[in-house]
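Working notes, structure below.
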Amino acid sequence: MSDISNTPLEVLRNTRLEKIAHLREIGLEPFPSKSGRTHYSHAILNDFDAFDTKPVTVSGRLISWRKQGGMAFGHIQDQFGSIQIVLRRQTLTPTDPAQNHVGYDELRVLDIGDFVEAIGTVGKTQRGEISVMADSLRFLAKSLRPLPEKWSGMQDRELVLRKRYLDVVSHPEQRERFAAIGRMYFVIRDFLRSRGFLEFHTPIIQPQYGGGTAKPFRTHVNALNHSMYLSISHELYLKRLIAAGFDKVFTIGRYFRNEGIDRSHHPEFSMIETMTAFENYEYNMELVESLFRTIAKEAFGRTVFKVGEHDVDFEQPWKRIAMADAVLESQGVDFRNITDAGEANNALIAMGIEQPEKTVGNALVAAFEERVAPTLIQPTLVYGHPVEISPLAKPMRDDPRYVERFEIFIAGMECGDNWSEQNDPVQLLARWRENYARDFREGEFQPLDYDFLEMLEHGMPPTTGIGPGIERMAMIFTEQRDIYDVIFFPMMKPVVSESNRVIYGLPPESAPAN
């Protein structure tokens with residue numbers, strides 16, 4: 001096979017276009033509408049005795065190819081693996097336009113990267129490799145561009161993220177990672193349904209952002225001539241469902257937060273949000289612990305995962321600790337005994353935290369986030385957040401400075417937020433107005449939602465919800481350190497390569513587009 005690594009892309013592409021023209025000249029269709037596949041590669045490879053000498057049809061991408069006189073060998077890659085195909089000049093069906101079969105003499109138009117279908121019987125080569133001894137071959141899709149080099153693959157990180165579809169061809173194990181994430185969604189839905197939850201779709205385009213603190217993305221609905229927002233949360237809609245009489249509801253929604261991008265944050269992400277009527281946040285402690293354990297076992301087949309440098313065990317009971325107690329254990333400071341912001345900030349300075357905070361509650365959160373959260377390796381539920389940062393949560397009866405709320409921490413990473421919902425409309429309005437007047441900046445505090453308050457005034461029973469992020473969960477269960485490695489299509493600034501500008505007749509980057 002000739003070296004194509006230094007051949008300009010335009011030349012390679014034109015050569016393949018000529019091959020497509022040749023196929024059509026002899027009556028073959030290089031892009032038929034369907035395949036007759038009967039089996040995937042792994043079924044044959046995992047149970048050879050059952051398939052030996054049996055007829056099969058396999059389809060997939062050609063990832064290796066070589067000819068030796070009157071024989072040719074290739075490997076077809078499908079979703080579950082790859083299998084060798086063997087073609088012999090004497091036995092391969094001649095070119096047949098009626099059946100779209102490619103004869104042996106026309107195999108010269110094959111390229112690595114093409115999608116093909118092989119029909120034949122299962123057997124083993126002299127070297128013992130399980131193969132399909134092909135009687136006929138069909139094109140399913142002729143590739144116009146070469147795949148990345150087999151052994152070096154795609155070394156440029158940005159190219160991997162922009163062209164993940166090519167990276168998983170070179171590295172099939174990456175495909176399995178994303179398949180496991182896909183299975184995770186099924187497990188989550190089955191788990192919640194088994195607990196009596198109903199799934200609802202809630203709006204992504206919302207007239208007002210709310211349910212959390214995050215800077216929103218704006219959009220405009222032409223039909224209504226009105227500016228709206230992409231969702232930063234779905235909980236206010238789920239609460240409306242609770243008011244409507246549904247006791248257990250959930251959504252796996254898309255969230256859009258116009259903020260930073262780093263190894264654990266992405267502007268567009270997914271989250272499970274539930275709402276359960278007639279329960280409080282303690283119900284959700286058991287629910288979320290059981291959910292994570294079920295995902296570990298059913299989607300990934302184990303309970304211990306390497307997260308960073310740590311082995312995290314989801315089988316063991318999760319630790320539960322109040323935020324103030326966690327800081328007291330770690331730093332020896334009991335913020336429950338501090339009564340003013342000055343004293344609280346002095347405590348922060350003693351911990352090496354120089355940023356002053358407005359309230360004792362905010363100082364407690366700063367101490368926890370800086371000094372405690374990174375140390376929480378095994379799954380931990382931290383509850384009792386200050387009321388200042390939790391306007392939608394219900395205050396604790398024994399100490400209303402704190403609320404019935406907990407967060408999930410795994411390997412030092414926050415993986416979900418949960419609380420008993422504030423269903424007293426008068427108290428909620430007072431808290432909203434207090435924080436809105438004092439703190440409101442877009443992204444720092446949510447605007448007042450009077451439509452939601454009206455719903456609460458009609459009555460909503462005691463309610464609690466969970467909100468673990470899907471991508472954070474995927475990072476843990478696939479043992480990845482970068483959120484971009486669990487998002488198949490990460491957000492990136494669009495670019496057009498110079499070769500594509502030439503191929504598609506686009507103007508140079510500096511020239512204005514027509």
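Starting from 1 in every chain, residues are counted up; chains themselves are A, B, ... following the order of the structure tokens, and ligands are numbered from 1 as listed.
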
Can you build me a table of segment 373-421 of chain A residues sitting at most 10 Å from segment 205-216 of chain A, with the closest atom pair per residue and its distance in Å to one decimal, using only C-alpha atoms, sorted by chain and residue number, as CSV?
residue,atom,partner,partner_atom,distance
A:Ile389,CA,A:Thr213,CA,9.5
A:Ser390,CA,A:Gly212,CA,9.3
A:Pro391,CA,A:Gly212,CA,9.5
A:Leu392,CA,A:Gly211,CA,7.9

- Taking the backbone alone, and naming residues the way the document does, which bits of segment 182-351 of chain A are strand (DSSP E) by DSSP, as a PyMOL selection string? chain A and resi 198-199+205-206+218-221+226-230+248-256+268-277+304-307+310-313+319-322

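Between atom CA of His265 of chain A and atom CA of Val160 of chain A lies a distance of 18.6 Å.
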
Secondary structure check, alpha helix (DSSP H) residues of segment 196-357 of chain A, as a PyMOL selection string
chain A and resi 235-243+281-300+323-331+341-350

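Closest approach to Trp419 of chain A among A:Val495, A:Leu224, A:Met275, A:Ala474: A:Met275, based on only C-alpha atoms.
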
* Within 12 Å of Leu140 of chain A, counting only C-alpha atoms, which residues show up once you throw out same-chain ones fewer than 6 positions away? Write them as a count of residues only, please. => 26

Item to complete: Find the residues near Tyr185 of chain A: any atom within 10 Å, counting only C-alpha atoms, skip ones fewer than 3 places away on the same chain, and give them as number ranges by chain.
Response: A: 180-182, 188-191, 252, 272, 295, 299, 470

Spatial neighbours of segment 341-355 of chain A, 9 Å, only C-alpha atoms, chain gap at least 4 places, as a VMD selection string: chain A and resid 331 333 335 359 to 364 366 to 367 370 to 371

Could those selected residues go to a file with N, CA and C atoms, as a tab-separated table (two decimals), in the first residue's frame?
chain	number	residue	atom	x	y	z
A	331	GLN	N	-10.95	22.07	60.80
A	331	GLN	CA	-10.25	23.31	61.12
A	331	GLN	C	-10.33	23.71	62.58
A	333	VAL	N	-12.82	25.08	64.08
A	333	VAL	CA	-13.61	26.30	64.24
A	333	VAL	C	-15.09	25.93	64.12
A	335	PHE	N	-18.45	27.42	63.47
A	335	PHE	CA	-19.12	28.63	62.99
A	335	PHE	C	-20.49	28.82	63.63
A	359	THR	N	-21.42	37.56	55.41
A	359	THR	CA	-22.16	37.00	56.54
A	359	THR	C	-21.40	35.82	57.12
A	360	VAL	N	-21.83	35.40	58.31
A	360	VAL	CA	-21.24	34.21	58.93
A	360	VAL	C	-21.50	32.99	58.06
A	361	GLY	N	-22.71	32.90	57.50
A	361	GLY	CA	-23.03	31.75	56.65
A	361	GLY	C	-22.14	31.67	55.43
A	362	ASN	N	-21.92	32.81	54.77
A	362	ASN	CA	-21.04	32.82	53.60
A	362	ASN	C	-19.61	32.45	53.99
A	363	ALA	N	-19.18	32.88	55.18
A	363	ALA	CA	-17.83	32.53	55.64
A	363	ALA	C	-17.71	31.02	55.89
A	364	LEU	N	-18.77	30.43	56.46
A	364	LEU	CA	-18.78	28.98	56.66
A	364	LEU	C	-18.62	28.25	55.33
A	366	ALA	N	-17.27	29.39	52.58
A	366	ALA	CA	-15.91	29.60	52.06
A	366	ALA	C	-14.93	28.67	52.75
A	367	ALA	N	-15.04	28.53	54.07
A	367	ALA	CA	-14.15	27.63	54.81
A	367	ALA	C	-14.34	26.19	54.35
A	370	GLU	N	-12.97	25.72	50.62
A	370	GLU	CA	-11.52	25.83	50.48
A	370	GLU	C	-10.76	24.75	51.24
A	371	ARG	N	-11.25	24.38	52.41
A	371	ARG	CA	-10.45	23.53	53.28
A	371	ARG	C	-11.00	22.13	53.49

Counting only C-alpha atoms, give me one row per residue of segment 32-60 of chain A with an atom at most 8 Å from an atom of segment 123-134 of chain A, showing the shortest contact pair and its distance in Å to one decimal, sorted by chain then residue number, as JSON lines.
{"residue": "A:Leu45", "atom": "CA", "partner": "A:Ile130", "partner_atom": "CA", "distance": 6.7}
{"residue": "A:Phe48", "atom": "CA", "partner": "A:Ile130", "partner_atom": "CA", "distance": 7.5}
{"residue": "A:Asp52", "atom": "CA", "partner": "A:Gly123", "partner_atom": "CA", "distance": 5.5}
{"residue": "A:Thr53", "atom": "CA", "partner": "A:Gly123", "partner_atom": "CA", "distance": 5.9}
{"residue": "A:Val56", "atom": "CA", "partner": "A:Val132", "partner_atom": "CA", "distance": 7.7}

- Message: Env of Thr93 of chain A: 10 Å cut, atoms = only C-alpha atoms, seq-sep filter 2 positions within chain, self excluded. Answer as a VMD selection string.
- Response: chain A and resid 87 to 91 95 to 96 101 to 104 134 to 137

- Polymer residues at most 8 Å from Phe489 of chain A, only C-alpha atoms, same-chain spacing of 6 or more positions, as an MDAnalysis selection string: chainID A and resid 161:162 164

Atom CA of Arg320 of chain A to atom CA of Pro468 of chain A measures 16.7 Å

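In this structure, atom CA of Ser499 of chain A sits 16.2 Å away from atom CA of Arg16 of chain A.
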